[in-house]
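Trainee: This is the structure I have questions about; it appears just below.
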Amino acid sequence: MLLEIEDARTGYGRLEVLHDVSLKVAEGEIITVLGPNGTGKTTLMRLLSGVLPLWSGQVRFDGADLGRTTPEKRAALGLCQLPEGRGIFQTLTVGENLHLGTASRKASAAQIRSDRDRVLGIFPELAGRLAASASSLSGGQQQMLALARAMMGRPRLLLIDELSFGLAPRIVHDLFEVVRELRDDGVTFLIVEQQASALRVSDRTYVMRNGRNELDRASDELLASNDLVASYLR
Ligand SMILES: Nc1ncnc2c1ncn2[C@@H]1O[C@H](COP(=O)(O)OP(=O)(O)OP(=O)(O)O)[C@@H](O)[C@H]1O
């Protein structure tokens with residue numbers, strides 16, 4: 001397993017938000033965590049990226065206990081997160097934003113150039129706009145840029161909090177197609193969503209409610225039973 005979470009508890013101050021959450025992600029999987037507003041999905045992402053401490057339980061990445069590993073060290077290990085709210089620097093160009101994605105790793109200029117060419121091959125819309133200001137991009141293109149920038153850090157596991165947030169269904173569809181391509185390129189995904197749209201590309205789905213795991217199913221099985229998804233998102 002690339003990521004294993006066992007009976008994890010965490011929260012804010014004295015407020016416990018995650019109660020004994022357990023979850024496994026194998027290398028090459030796309031996993032969705034689905035759940036209604038306020039159920040603790042963002043809190044789970046913060047726990048995994050190392051922003052929130054683990055109160056009890058275990059989090060292992062590639063077999064190693066993450067313990068109190070800092071967010072920077074986690075990123076260097078390949079456990080990376082797409083920043084909340086995309087984290088695009090509006091005053092910088094598309095190319096400059098992309099370059100910032102290499103900050104978490106040591107790489108030669110030649111390696112960075114070759115990675116950039118590979119990443120731009122997957123995001124042709126960005127390739128033609130490297131010198132443009134990031135602020136000139138649409139919401140969907142900015143989300144593409146956030147993904148492309150994350151790819152420059154060579155993630156092994158990419159954590160994404162609501163890839164679909166605020167975007168039209170067609171754009172969301174394109175983004176999930178890109179996620180599938182990136183998986184074929186060797187990246188594993190853990191995607192937290194409020195909407196069921198991620199199920200179409202993901203292998204397995206965990207449904208969370210009130211800070212607890214409620215269900216773990218193959219995504220196509222969940223999709224085939226729409227009522228089940230609807231009842232869990234209520
Ligand atoms: N910084 C914080 N300080 C205190 N409580 C918080 C903080 N952030 C979130 N919470 C609380 O933790 C609980 C879970 O919030 P969280 O953001 O993880 O849910 P979510 O499932 O991601 O929902 P949403 O989709 O609305 O972000 C909520 O009750 C929320 O009020």
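Naming scheme: A, B, ... for chains in displayed order of the structure tokens; residues 1 onward per chain; ligands 1 onward as shown.
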Could you give me, as a PyMOL selection string, the residues within 8 Å of Ile30 in chain A, counting only C-alpha atoms and dropping anything in the same chain fewer than 4 positions from it?
Mentor: chain A and resi 183+188-191+201-204
Trainee: Could you save those same residues with C-alpha atoms as a PDB file, in the first residue's frame?
Mentor:
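Writing the result to out-v7.pdb gives the following:
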```pdb
ATOM      1  CA  ARG A 183      -2.447   8.249 -13.317  1.00  0.00           C
ATOM      2  CA  THR A 188      -1.740   7.961  -7.422  1.00  0.00           C
ATOM      3  CA  PHE A 189      -4.683  10.177  -6.439  1.00  0.00           C
ATOM      4  CA  LEU A 190      -6.743  10.764  -3.318  1.00  0.00           C
ATOM      5  CA  ILE A 191      -9.554  13.151  -4.220  1.00  0.00           C
ATOM      6  CA  VAL A 201     -12.776   8.091 -12.978  1.00  0.00           C
ATOM      7  CA  SER A 202     -11.986   6.690  -9.561  1.00  0.00           C
ATOM      8  CA  ASP A 203     -11.408   3.044  -8.711  1.00  0.00           C
ATOM      9  CA  ARG A 204     -12.768   3.047  -5.173  1.00  0.00           C
TER      10      ARG A 204
END
```
Trainee: Which residues form the shell of 6 Å around ligand 1 when you count only C-alpha atoms and all ligand atoms, given as an MDAnalysis selection string?
Mentor: chainID A and resid 12 17 37:43
Trainee: So the first atom is CA of Ala196 in chain A and the second is CA of Leu159 in chain A; what is the distance between them in Å, to one decimal place?
Mentor: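 Pair CA of Ala196 in chain A / CA of Leu159 in chain A returns 17.1 Å.
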Trainee: So that I can see what lies close to range 164-176 of chain A, please list as a list in words the residues with an atom at most 9 Å from it, counting only C-alpha atoms and leaving out residues fewer than 4 positions away in the same chain.
Mentor: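 Residues near the query, excluding close chain neighbours: Gly85, Gly139, Gly140, Gln141, Gln143, Met144, Arg180, Glu181, Glu193, Gln194, Gln195, Ser197, Ala198, Arg200 and Val201 of chain A.
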Trainee: Please save N, CA and C atoms of the selected residues as a PDB file, in the first residue's frame.
Mentor:
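Generated file (part_24.pdb):
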```pdb
ATOM      1  N   GLY A  85      -7.993  26.136  -2.724  1.00  0.00           N
ATOM      2  CA  GLY A  85      -8.230  27.345  -3.512  1.00  0.00           C
ATOM      3  C   GLY A  85      -7.219  27.517  -4.640  1.00  0.00           C
ATOM      4  N   GLY A 139     -11.187  29.870 -14.836  1.00  0.00           N
ATOM      5  CA  GLY A 139     -11.141  29.036 -13.632  1.00  0.00           C
ATOM      6  C   GLY A 139     -10.664  27.623 -13.927  1.00  0.00           C
ATOM      7  N   GLY A 140     -11.162  27.063 -15.028  1.00  0.00           N
ATOM      8  CA  GLY A 140     -10.772  25.700 -15.401  1.00  0.00           C
ATOM      9  C   GLY A 140      -9.295  25.623 -15.758  1.00  0.00           C
ATOM     10  N   GLN A 141      -8.813  26.658 -16.492  1.00  0.00           N
ATOM     11  CA  GLN A 141      -7.391  26.676 -16.875  1.00  0.00           C
ATOM     12  C   GLN A 141      -6.510  26.855 -15.636  1.00  0.00           C
ATOM     13  N   GLN A 143      -7.191  25.721 -12.689  1.00  0.00           N
ATOM     14  CA  GLN A 143      -7.145  24.413 -12.019  1.00  0.00           C
ATOM     15  C   GLN A 143      -6.172  23.489 -12.765  1.00  0.00           C
ATOM     16  N   MET A 144      -6.163  23.594 -14.123  1.00  0.00           N
ATOM     17  CA  MET A 144      -5.191  22.822 -14.920  1.00  0.00           C
ATOM     18  C   MET A 144      -3.766  23.232 -14.523  1.00  0.00           C
ATOM     19  N   ARG A 180      -6.949  11.020 -15.133  1.00  0.00           N
ATOM     20  CA  ARG A 180      -6.749   9.654 -15.615  1.00  0.00           C
ATOM     21  C   ARG A 180      -5.423   9.527 -16.382  1.00  0.00           C
ATOM     22  N   GLU A 181      -5.123  10.556 -17.201  1.00  0.00           N
ATOM     23  CA  GLU A 181      -3.850  10.546 -17.958  1.00  0.00           C
ATOM     24  C   GLU A 181      -2.656  10.586 -17.013  1.00  0.00           C
ATOM     25  N   GLU A 193     -14.311  14.942  -2.506  1.00  0.00           N
ATOM     26  CA  GLU A 193     -15.350  15.629  -3.288  1.00  0.00           C
ATOM     27  C   GLU A 193     -16.674  15.654  -2.549  1.00  0.00           C
ATOM     28  N   GLN A 194     -17.453  16.710  -2.810  1.00  0.00           N
ATOM     29  CA  GLN A 194     -18.820  16.748  -2.301  1.00  0.00           C
ATOM     30  C   GLN A 194     -19.782  16.184  -3.337  1.00  0.00           C
ATOM     31  N   GLN A 195     -19.349  16.244  -4.612  1.00  0.00           N
ATOM     32  CA  GLN A 195     -20.210  15.776  -5.700  1.00  0.00           C
ATOM     33  C   GLN A 195     -19.758  14.398  -6.165  1.00  0.00           C
ATOM     34  N   SER A 197     -19.340  13.420  -9.093  1.00  0.00           N
ATOM     35  CA  SER A 197     -18.744  13.416 -10.437  1.00  0.00           C
ATOM     36  C   SER A 197     -17.395  12.685 -10.500  1.00  0.00           C
ATOM     37  N   ALA A 198     -16.686  12.624  -9.371  1.00  0.00           N
ATOM     38  CA  ALA A 198     -15.364  11.989  -9.371  1.00  0.00           C
ATOM     39  C   ALA A 198     -15.450  10.470  -9.477  1.00  0.00           C
ATOM     40  N   ARG A 200     -16.734   8.582 -11.590  1.00  0.00           N
ATOM     41  CA  ARG A 200     -16.582   8.050 -12.946  1.00  0.00           C
ATOM     42  C   ARG A 200     -15.128   7.670 -13.253  1.00  0.00           C
ATOM     43  N   VAL A 201     -14.184   8.408 -12.692  1.00  0.00           N
ATOM     44  CA  VAL A 201     -12.776   8.091 -12.978  1.00  0.00           C
ATOM     45  C   VAL A 201     -12.086   7.341 -11.849  1.00  0.00           C
TER      46      VAL A 201
END
```
Trainee: So which bits of range 19-192 of chain A end up helix (DSSP H, G or I) when you DSSP the backbone, as a ChimeraX atom specification?
Mentor: /A:41-49,71-77,94-100,109-122,124-127,134-136,139-152,169-184
Trainee: Please determine, counting only C-alpha atoms, which residue among A:Glu29, A:Gly121, A:Leu52, A:Ala134 has the shortest atom-to-atom distance to Gln90 in chain A.
Mentor: A:Ala134
Trainee: Write down as a compact mmCIF listing (two decimals) with N, CA and C atoms, in the first residue's frame the residues of range 51-216 of chain A whose backbone DSSP state falls under strand (DSSP E).
Mentor:
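states_15.txt written:
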```txt
# COMPACT_ATOMS: atom_id res chain seq x y z
N SER A 56 -4.26 10.24 17.51
CA SER A 56 -3.97 8.82 17.75
C SER A 56 -4.21 8.06 16.47
N GLY A 57 -3.72 6.82 16.42
CA GLY A 57 -3.82 6.05 15.18
C GLY A 57 -2.50 6.12 14.43
N GLN A 58 -2.53 5.76 13.17
CA GLN A 58 -1.29 5.72 12.37
C GLN A 58 -1.52 6.19 10.95
N VAL A 59 -0.52 6.87 10.39
CA VAL A 59 -0.52 7.20 8.97
C VAL A 59 0.82 6.72 8.41
N ARG A 60 0.76 5.81 7.43
CA ARG A 60 2.00 5.31 6.82
C ARG A 60 2.00 5.63 5.33
N PHE A 61 3.16 6.08 4.87
CA PHE A 61 3.33 6.37 3.44
C PHE A 61 4.47 5.49 2.93
N ALA A 64 6.38 3.67 5.60
CA ALA A 64 7.05 4.38 6.70
C ALA A 64 6.04 5.21 7.49
N ASP A 65 6.16 5.15 8.83
CA ASP A 65 5.27 5.90 9.71
C ASP A 65 5.56 7.40 9.54
N LEU A 79 4.48 12.94 -1.23
CA LEU A 79 3.11 13.08 -0.75
C LEU A 79 2.75 14.57 -0.86
N CYS A 80 2.06 14.92 -1.93
CA CYS A 80 1.86 16.34 -2.26
C CYS A 80 0.37 16.67 -2.27
N GLN A 81 0.09 17.94 -2.03
CA GLN A 81 -1.31 18.37 -2.06
C GLN A 81 -1.50 19.53 -3.02
N LEU A 157 1.90 10.57 -4.68
CA LEU A 157 0.48 10.62 -4.32
C LEU A 157 0.05 12.07 -4.29
N LEU A 158 -0.99 12.38 -5.04
CA LEU A 158 -1.48 13.76 -5.07
C LEU A 158 -2.82 13.82 -4.34
N LEU A 159 -2.88 14.69 -3.33
CA LEU A 159 -4.11 14.91 -2.56
C LEU A 159 -4.83 16.10 -3.16
N ILE A 160 -6.11 15.93 -3.46
CA ILE A 160 -6.85 17.04 -4.07
C ILE A 160 -8.15 17.28 -3.31
N ASP A 161 -8.32 18.53 -2.85
CA ASP A 161 -9.55 18.90 -2.15
C ASP A 161 -10.48 19.58 -3.15
N THR A 188 -0.60 8.49 -8.17
CA THR A 188 -1.74 7.96 -7.42
C THR A 188 -2.53 9.16 -6.89
N PHE A 189 -3.86 9.02 -6.84
CA PHE A 189 -4.68 10.18 -6.44
C PHE A 189 -5.61 9.85 -5.28
N LEU A 190 -5.71 10.80 -4.35
CA LEU A 190 -6.74 10.76 -3.32
C LEU A 190 -7.52 12.07 -3.45
N ILE A 191 -8.77 11.96 -3.89
CA ILE A 191 -9.55 13.15 -4.22
C ILE A 191 -10.79 13.23 -3.32
N VAL A 192 -10.89 14.36 -2.64
CA VAL A 192 -12.04 14.59 -1.77
C VAL A 192 -13.08 15.39 -2.53
N GLU A 193 -14.31 14.94 -2.51
CA GLU A 193 -15.35 15.63 -3.29
C GLU A 193 -16.67 15.65 -2.55
N ARG A 204 -12.00 3.33 -6.38
CA ARG A 204 -12.77 3.05 -5.17
C ARG A 204 -13.20 4.34 -4.53
N THR A 205 -14.26 4.26 -3.75
CA THR A 205 -14.78 5.45 -3.06
C THR A 205 -15.03 5.13 -1.59
N TYR A 206 -14.56 6.04 -0.76
CA TYR A 206 -14.90 5.99 0.66
C TYR A 206 -15.98 7.04 0.89
N VAL A 207 -17.05 6.67 1.54
CA VAL A 207 -18.05 7.67 1.92
C VAL A 207 -17.84 7.99 3.39
N MET A 208 -17.74 9.29 3.68
CA MET A 208 -17.56 9.73 5.06
C MET A 208 -18.78 10.50 5.53
N ARG A 209 -19.11 10.33 6.79
CA ARG A 209 -20.15 11.18 7.37
C ARG A 209 -19.82 11.44 8.83
N ARG A 212 -16.57 10.09 10.22
CA ARG A 212 -16.35 8.64 10.27
C ARG A 212 -16.48 8.03 8.89
N ASN A 213 -15.76 6.92 8.66
CA ASN A 213 -15.96 6.14 7.43
C ASN A 213 -17.30 5.46 7.52
N GLU A 214 -18.08 5.54 6.44
CA GLU A 214 -19.35 4.81 6.47
C GLU A 214 -19.36 3.65 5.50
N LEU A 215 -18.55 3.81 4.42
CA LEU A 215 -18.67 2.85 3.33
C LEU A 215 -17.40 2.90 2.50
N ASP A 216 -17.00 1.74 1.96
CA ASP A 216 -15.85 1.65 1.06
C ASP A 216 -16.26 0.70 -0.05
```
